[in-house]
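> What follows is data-v2.cif, mmCIF, C-alpha atoms.
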```cif
data_structure
#
loop_
_atom_site.group_PDB
_atom_site.id
_atom_site.type_symbol
_atom_site.label_atom_id
_atom_site.label_comp_id
_atom_site.auth_asym_id
_atom_site.auth_seq_id
_atom_site.Cartn_x
_atom_site.Cartn_y
_atom_site.Cartn_z
ATOM 1 C CA MET N 1 -80.013 -29.666 -12.723
ATOM 2 C CA ILE N 2 -77.032 -29.697 -15.118
ATOM 3 C CA VAL N 3 -76.863 -25.898 -15.091
ATOM 4 C CA ARG N 4 -76.858 -25.706 -11.299
ATOM 5 C CA ALA N 5 -74.146 -28.356 -11.145
ATOM 6 C CA ALA N 6 -72.083 -26.410 -13.695
ATOM 7 C CA TYR N 7 -72.137 -23.240 -11.565
ATOM 8 C CA VAL N 8 -70.768 -25.216 -8.619
ATOM 9 C CA THR N 9 -68.544 -27.765 -10.348
ATOM 10 C CA ALA N 10 -66.667 -25.413 -12.713
ATOM 11 C CA PRO N 11 -65.164 -23.327 -9.873
ATOM 12 C CA LEU N 12 -64.383 -26.520 -7.932
ATOM 13 C CA LEU N 13 -62.528 -27.915 -10.965
ATOM 14 C CA VAL N 14 -60.568 -24.659 -11.308
ATOM 15 C CA LEU N 15 -59.769 -24.922 -7.595
ATOM 16 C CA ALA N 16 -58.608 -28.513 -8.141
ATOM 17 C CA TYR N 17 -56.412 -27.416 -11.053
ATOM 18 C CA GLY N 18 -54.856 -24.695 -8.895
ATOM 19 C CA VAL N 19 -54.101 -27.082 -6.035
ATOM 20 C CA ILE N 20 -52.759 -29.782 -8.371
ATOM 21 C CA ARG N 21 -50.611 -27.142 -10.100
ATOM 22 C CA ILE N 22 -49.063 -26.195 -6.754
ATOM 23 C CA VAL N 23 -48.467 -29.853 -5.852
ATOM 24 C CA ASP N 24 -46.923 -30.475 -9.272
ATOM 25 C CA GLY N 25 -44.394 -27.741 -8.557
ATOM 26 C CA PHE N 26 -43.189 -29.211 -5.256
ATOM 27 C CA ASP N 27 -40.232 -30.827 -7.035
ATOM 28 C CA GLY N 28 -39.190 -27.492 -8.537
ATOM 29 C CA SER N 29 -40.765 -27.924 -11.964
ATOM 30 C CA ARG N 30 -44.205 -28.477 -13.408
ATOM 31 C CA GLY N 31 -44.843 -31.373 -15.757
ATOM 32 C CA PRO N 32 -44.733 -33.824 -17.248
ATOM 33 C CA GLY N 33 -46.445 -36.495 -15.224
ATOM 34 C CA PRO N 34 -49.749 -37.483 -13.651
ATOM 35 C CA ALA N 35 -50.258 -34.200 -11.759
ATOM 36 C CA TRP N 36 -49.698 -32.202 -14.950
ATOM 37 C CA THR N 37 -52.178 -34.322 -16.885
ATOM 38 C CA ILE N 38 -54.848 -34.581 -14.176
ATOM 39 C CA GLY N 39 -54.691 -30.856 -13.464
ATOM 40 C CA HIS N 40 -55.059 -29.963 -17.114
ATOM 41 C CA ILE N 41 -57.969 -32.384 -17.538
ATOM 42 C CA ALA N 42 -59.677 -30.756 -14.534
ATOM 43 C CA PHE N 43 -59.368 -27.335 -16.138
ATOM 44 C CA LEU N 44 -60.590 -28.669 -19.490
ATOM 45 C CA ALA N 45 -63.666 -30.048 -17.753
ATOM 46 C CA ALA N 46 -64.206 -26.654 -16.116
ATOM 47 C CA LEU N 47 -64.017 -24.982 -19.524
ATOM 48 C CA ALA N 48 -66.679 -27.337 -20.876
ATOM 49 C CA LEU N 49 -68.919 -26.417 -17.947
ATOM 50 C CA PHE N 50 -68.339 -22.728 -18.596
ATOM 51 C CA ILE N 51 -70.086 -23.196 -21.931
ATOM 52 C CA VAL N 52 -73.167 -24.300 -19.967
ATOM 53 C CA ILE N 53 -72.745 -21.372 -17.557
ATOM 54 C CA PHE N 54 -72.309 -18.765 -20.288
ATOM 55 C CA ARG N 55 -75.313 -20.147 -22.145
ATOM 56 C CA ASP N 56 -77.420 -19.884 -18.982
ATOM 57 C CA MET N 57 -76.281 -16.301 -18.407
ATOM 58 C CA TRP N 58 -77.210 -15.548 -22.017
ATOM 59 C CA ARG N 59 -80.664 -17.043 -21.372
ATOM 60 C CA ILE N 60 -81.115 -14.997 -18.196
ATOM 61 C CA LEU N 61 -80.144 -11.875 -20.146
ATOM 62 C CA GLY N 62 -82.933 -12.526 -22.632
ATOM 63 C CA ARG N 63 -80.740 -13.615 -25.538
ATOM 64 C CA THR N 64 -80.143 -9.988 -26.519
ATOM 65 C CA ARG N 65 -77.628 -9.005 -29.171
ATOM 66 C CA LEU N 66 -75.169 -7.823 -26.546
ATOM 67 C CA ALA N 67 -75.550 -11.040 -24.554
ATOM 68 C CA THR N 68 -75.175 -13.046 -27.766
ATOM 69 C CA ALA N 69 -71.950 -11.201 -28.593
ATOM 70 C CA GLN N 70 -70.663 -11.836 -25.064
ATOM 71 C CA LEU N 71 -71.556 -15.520 -25.371
ATOM 72 C CA ALA N 72 -69.775 -15.770 -28.735
ATOM 73 C CA VAL N 73 -66.639 -14.096 -27.376
ATOM 74 C CA GLY N 74 -66.724 -16.419 -24.372
ATOM 75 C CA ILE N 75 -67.030 -19.557 -26.461
ATOM 76 C CA ALA N 76 -64.204 -18.380 -28.730
ATOM 77 C CA GLY N 77 -62.048 -17.810 -25.656
ATOM 78 C CA ILE N 78 -62.977 -21.231 -24.279
ATOM 79 C CA ALA N 79 -62.003 -22.835 -27.583
ATOM 80 C CA CYS N 80 -58.606 -21.107 -27.513
ATOM 81 C CA ALA N 81 -57.967 -21.972 -23.866
ATOM 82 C CA ALA N 82 -59.050 -25.581 -24.426
ATOM 83 C CA THR N 83 -56.658 -25.820 -27.376
ATOM 84 C CA GLN N 84 -53.844 -24.567 -25.146
ATOM 85 C CA PHE N 85 -54.650 -27.139 -22.467
ATOM 86 C CA LEU N 86 -54.883 -29.962 -25.017
ATOM 87 C CA ILE N 87 -51.471 -28.970 -26.370
ATOM 88 C CA ASP N 88 -50.109 -28.916 -22.819
ATOM 89 C CA ILE N 89 -51.434 -32.434 -22.217
ATOM 90 C CA ALA N 90 -50.003 -33.709 -25.522
ATOM 91 C CA ILE N 91 -46.600 -32.190 -24.785
ATOM 92 C CA GLY N 92 -46.736 -33.703 -21.317
ATOM 93 C CA PHE N 93 -47.154 -37.133 -22.871
ATOM 94 C CA MET N 94 -44.466 -36.552 -25.496
ATOM 95 C CA ALA N 95 -41.762 -35.155 -23.196
ATOM 96 C CA ALA N 96 -39.521 -37.411 -21.141
ATOM 97 C CA ASP N 97 -38.958 -34.696 -18.519
ATOM 98 C CA HIS N 98 -39.568 -31.012 -17.837
ATOM 99 C CA ALA N 99 -36.530 -29.903 -19.823
ATOM 100 C CA ALA N 100 -37.805 -31.720 -22.915
ATOM 101 C CA MET N 101 -41.091 -29.799 -22.755
ATOM 102 C CA GLY N 102 -39.507 -26.440 -23.618
ATOM 103 C CA PRO N 103 -38.455 -27.250 -27.190
ATOM 104 C CA LEU N 104 -41.844 -28.844 -27.869
ATOM 105 C CA PHE N 105 -43.656 -25.708 -26.685
ATOM 106 C CA GLU N 106 -41.315 -23.607 -28.831
ATOM 107 C CA GLN N 107 -42.252 -25.681 -31.897
ATOM 108 C CA VAL N 108 -45.963 -25.098 -31.290
ATOM 109 C CA GLN N 109 -45.504 -21.408 -30.584
ATOM 110 C CA ALA N 110 -43.430 -21.018 -33.760
ATOM 111 C CA VAL N 111 -46.463 -21.904 -35.887
ATOM 112 C CA PRO N 112 -47.697 -18.609 -37.404
ATOM 113 C CA GLY N 113 -50.603 -17.246 -35.369
ATOM 114 C CA ALA N 114 -50.336 -19.853 -32.607
ATOM 115 C CA GLN N 115 -48.826 -17.515 -30.012
ATOM 116 C CA PRO N 116 -51.541 -14.821 -30.158
ATOM 117 C CA VAL N 117 -54.486 -17.140 -30.804
ATOM 118 C CA ILE N 118 -53.688 -20.023 -28.460
ATOM 119 C CA TYR N 119 -51.556 -18.393 -25.771
ATOM 120 C CA ASP N 120 -52.050 -14.631 -25.598
ATOM 121 C CA VAL N 121 -55.241 -13.016 -26.878
ATOM 122 C CA GLY N 122 -57.477 -16.019 -27.509
ATOM 123 C CA PRO N 123 -57.791 -17.420 -23.967
ATOM 124 C CA PHE N 124 -58.081 -13.887 -22.569
ATOM 125 C CA LEU N 125 -61.432 -13.627 -24.398
ATOM 126 C CA PHE N 126 -62.828 -16.271 -22.033
ATOM 127 C CA TYR N 127 -62.083 -14.099 -19.014
ATOM 128 C CA VAL N 128 -63.286 -10.891 -20.688
ATOM 129 C CA ALA N 129 -66.590 -12.528 -21.610
ATOM 130 C CA GLN N 130 -67.009 -13.998 -18.141
ATOM 131 C CA LEU N 131 -66.665 -10.574 -16.550
ATOM 132 C CA ALA N 132 -68.785 -8.894 -19.238
ATOM 133 C CA LEU N 133 -71.632 -11.354 -18.710
ATOM 134 C CA VAL N 134 -71.725 -10.899 -14.929
ATOM 135 C CA VAL N 135 -71.444 -7.103 -15.255
ATOM 136 C CA HIS N 136 -74.317 -7.252 -17.755
ATOM 137 C CA LEU N 137 -76.311 -9.363 -15.294
ATOM 138 C CA ALA N 138 -75.614 -6.832 -12.527
ATOM 139 C CA ALA N 139 -76.575 -3.911 -14.763
ATOM 140 C CA ARG N 140 -79.892 -5.657 -15.451
ATOM 141 C CA ARG N 141 -80.255 -6.318 -11.699
ATOM 142 C CA GLN N 142 -80.210 -10.069 -12.223
ATOM 143 C CA VAL N 143 -77.369 -10.408 -9.687
ATOM 144 C CA THR N 144 -76.061 -8.171 -6.934
ATOM 145 C CA LEU N 145 -73.099 -5.860 -7.472
ATOM 146 C CA TRP N 146 -70.855 -8.095 -5.407
ATOM 147 C CA THR N 147 -71.094 -10.804 -8.076
ATOM 148 C CA PRO N 148 -68.956 -8.927 -10.633
ATOM 149 C CA ALA N 149 -66.702 -7.761 -7.792
ATOM 150 C CA LEU N 150 -66.014 -11.353 -6.715
ATOM 151 C CA VAL N 151 -65.519 -12.487 -10.316
ATOM 152 C CA THR N 152 -63.024 -9.638 -10.744
ATOM 153 C CA VAL N 153 -61.117 -10.851 -7.684
ATOM 154 C CA ASP N 154 -61.129 -14.370 -9.138
ATOM 155 C CA LEU N 155 -59.745 -13.113 -12.433
ATOM 156 C CA ALA N 156 -57.157 -10.802 -10.829
ATOM 157 C CA LEU N 157 -55.576 -13.182 -8.308
ATOM 158 C CA PRO N 158 -53.839 -15.448 -10.875
ATOM 159 C CA LEU N 159 -52.431 -12.316 -12.548
ATOM 160 C CA ILE N 160 -50.752 -11.468 -9.247
ATOM 161 C CA ASP N 161 -49.510 -15.030 -8.737
ATOM 162 C CA LYS N 162 -50.739 -18.165 -10.482
ATOM 163 C CA ASP N 163 -50.558 -20.009 -7.168
ATOM 164 C CA LEU N 164 -53.496 -17.844 -6.024
ATOM 165 C CA MET N 165 -55.765 -19.458 -8.621
ATOM 166 C CA SER N 166 -57.343 -21.729 -6.008
ATOM 167 C CA VAL N 167 -58.209 -18.776 -3.785
ATOM 168 C CA GLY N 168 -59.753 -17.046 -6.794
ATOM 169 C CA ALA N 169 -61.778 -20.153 -7.566
ATOM 170 C CA PHE N 170 -63.309 -19.931 -4.095
ATOM 171 C CA PHE N 171 -64.419 -16.352 -4.846
ATOM 172 C CA LEU N 172 -65.864 -17.576 -8.140
ATOM 173 C CA LEU N 173 -67.812 -20.309 -6.359
ATOM 174 C CA VAL N 174 -69.263 -17.760 -3.929
ATOM 175 C CA SER N 175 -70.149 -15.394 -6.780
ATOM 176 C CA PHE N 176 -71.840 -18.164 -8.789
ATOM 177 C CA TRP N 177 -73.832 -19.603 -5.876
ATOM 178 C CA PRO N 178 -76.848 -17.261 -6.348
ATOM 179 C CA LEU N 179 -76.871 -18.086 -10.056
ATOM 180 C CA ALA N 180 -76.846 -21.797 -9.258
ATOM 181 C CA ARG N 181 -79.797 -21.341 -6.940
ATOM 182 C CA ARG N 182 -81.607 -19.226 -9.533
ATOM 183 C CA SER N 183 -81.067 -21.862 -12.212
ATOM 184 C CA THR N 184 -82.675 -24.457 -9.963
ATOM 185 C CA SER N 185 -85.710 -22.284 -9.302
ATOM 186 C CA ALA N 186 -86.009 -21.373 -13.007
ATOM 187 C CA ALA N 187 -85.950 -25.040 -13.968
#
```
Could I get this file's structure written as structure tokens?

Amino acid sequence: MIVRAAYVTAPLLVLAYGVIRIVDGFDGSRGPGPAWTIGHIAFLAALALFIVIFRDMWRILGRTRLATAQLAVGIAGIACAATQFLIDIAIGFMAADHAAMGPLFEQVQAVPGAQPVIYDVGPFLFYVAQLALVVHLAARRQVTLWTPALVTVDLALPLIDKDLMSVGAFFLLVSFWPLARRSTSAA
């Protein structure tokens, strides 16, 4: 039951983050404030659920070495992304206004290794693992070929424009629906 809920709830939380992010920008800047914090908490919750999802995909794939490596990369990426979101929340609480956030972010990013691990390469591992796991599932005929295609659309849309994240989350929800149903029948 928890696994099925994760497949549905994680994309919905990403969708919520995307919508809240857009709303937060209505005044011309994002953060600090309730929308900033609530949106980031929504995405953090989604990341926690992705651990459940990745673990289920690993189980479906038979816990092979390749699947285990993909799971490990995914969890490392989740840890990096979660760290970034926790920092964002902390800075949101510390800053009096949007302008005050910039110097605080600069301080964090000035820490040796923080930029690549927390902001650049680290979180990207989450997305790479997500796509690798669904491609692996498709190669093993555990999902249809449209599943990795829809996940690719989900991952590509925010690269085009971050405001498209909510649209991408819808594609993710559609791509995960068969996995949610499968998890229920497997349980």
> Please list as an MDAnalysis selection string every residue within 10 Å of Ala132 (chain N), counting all atoms listed in the file and excluding residues in the same chain fewer than 4 positions away.
chainID N and resid 66:67 70:71 73:74 126:128 136:138 148
> How would you write, as an NGL selection string, the residues chosen by the PyMOL selection byres ((chain N and resi 49) around 12) on this structure?
:N and (2-14 or 42-48 or 50-56 or 75 or 78 or 82)
> Of the candidates N:Met1, N:Ile22, N:Pro178, N:Ala90, which shows the shortest atom-to-atom distance to Lys162 (chain N), using only C-alpha atoms?
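That would be N:Ile22, the residue with the smallest distance to Lys162 (chain N).
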> With only C-alpha atoms as the basis for distance, which of N:Val143, N:Leu15, N:Val135, N:Leu104 is at the shortest distance from Ala180 (chain N)?
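Of N:Val143, N:Leu15, N:Val135, N:Leu104, the one nearest Ala180 (chain N), counting only C-alpha atoms, is N:Val143.
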> To one decimal in Å, tell me the separation between CA of Gln130 (chain N) and CA of Gly39 (chain N).
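Separation between CA of Gln130 (chain N) and CA of Gly39 (chain N): 21.4 Å.
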> If we count all atoms listed in the file, what is near Ala114 (chain N) at a cut-off of 12 Å, once residues fewer than 4 positions away on the same chain are taken out, given as a list in words?
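Residues meeting the cut-off are Cys80, Ala81, Thr83, Gln84, Ile87, Phe105, Glu106, Gln107, Val108, Gln109, Ala110, Ile118, Tyr119, Asp120, Val121, Gly122 and Pro123 of chain N.
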> Between N:Ile89, N:Gln142, N:Phe170, N:Trp36, single out the one closest to Arg182 (chain N), counting all atoms listed in the file.
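Closest candidate: N:Gln142.
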> First collect every listed atom of region 59-74 of chain N; then fit an axis-aligned box around them, widen it by 8 Å on each side, and give centre and edge lengths in Å to one decimal, as JSON.

```
{"center_x": -74.8, "center_y": -12.4, "center_z": -23.7, "size_x": 32.3, "size_y": 25.2, "size_z": 27.0}
```
> Out of N:Leu164, N:Leu172, N:Ala79, N:Leu179, which residue has the shortest atom-to-atom distance to Val117 (chain N) when counting only C-alpha atoms?
N:Ala79
> Excluding same-chain residues fewer than 5 positions from Val167 (chain N), what lies within 12 Å of it counting only C-alpha atoms, as a list in words?
Pro11, Leu12, Val14, Leu15, Ala16, Tyr17, Gly18, Val19, Leu150, Val151, Val153, Asp154, Leu155, Ala156, Leu157, Pro158, Ile160, Asp161, Lys162, Leu172, Leu173 and Val174 of chain N
> Please produce a file of the residues just selected, as a CSV table (one decimal), in the coordinates of the input, where the atoms kept are C-alpha atoms.

```csv
chain,number,residue,atom,x,y,z
N,11,PRO,CA,-65.2,-23.3,-9.9
N,12,LEU,CA,-64.4,-26.5,-7.9
N,14,VAL,CA,-60.6,-24.7,-11.3
N,15,LEU,CA,-59.8,-24.9,-7.6
N,16,ALA,CA,-58.6,-28.5,-8.1
N,17,TYR,CA,-56.4,-27.4,-11.1
N,18,GLY,CA,-54.9,-24.7,-8.9
N,19,VAL,CA,-54.1,-27.1,-6.0
N,150,LEU,CA,-66.0,-11.4,-6.7
N,151,VAL,CA,-65.5,-12.5,-10.3
N,153,VAL,CA,-61.1,-10.9,-7.7
N,154,ASP,CA,-61.1,-14.4,-9.1
N,155,LEU,CA,-59.7,-13.1,-12.4
N,156,ALA,CA,-57.2,-10.8,-10.8
N,157,LEU,CA,-55.6,-13.2,-8.3
N,158,PRO,CA,-53.8,-15.4,-10.9
N,160,ILE,CA,-50.8,-11.5,-9.2
N,161,ASP,CA,-49.5,-15.0,-8.7
N,162,LYS,CA,-50.7,-18.2,-10.5
N,172,LEU,CA,-65.9,-17.6,-8.1
N,173,LEU,CA,-67.8,-20.3,-6.4
N,174,VAL,CA,-69.3,-17.8,-3.9
```
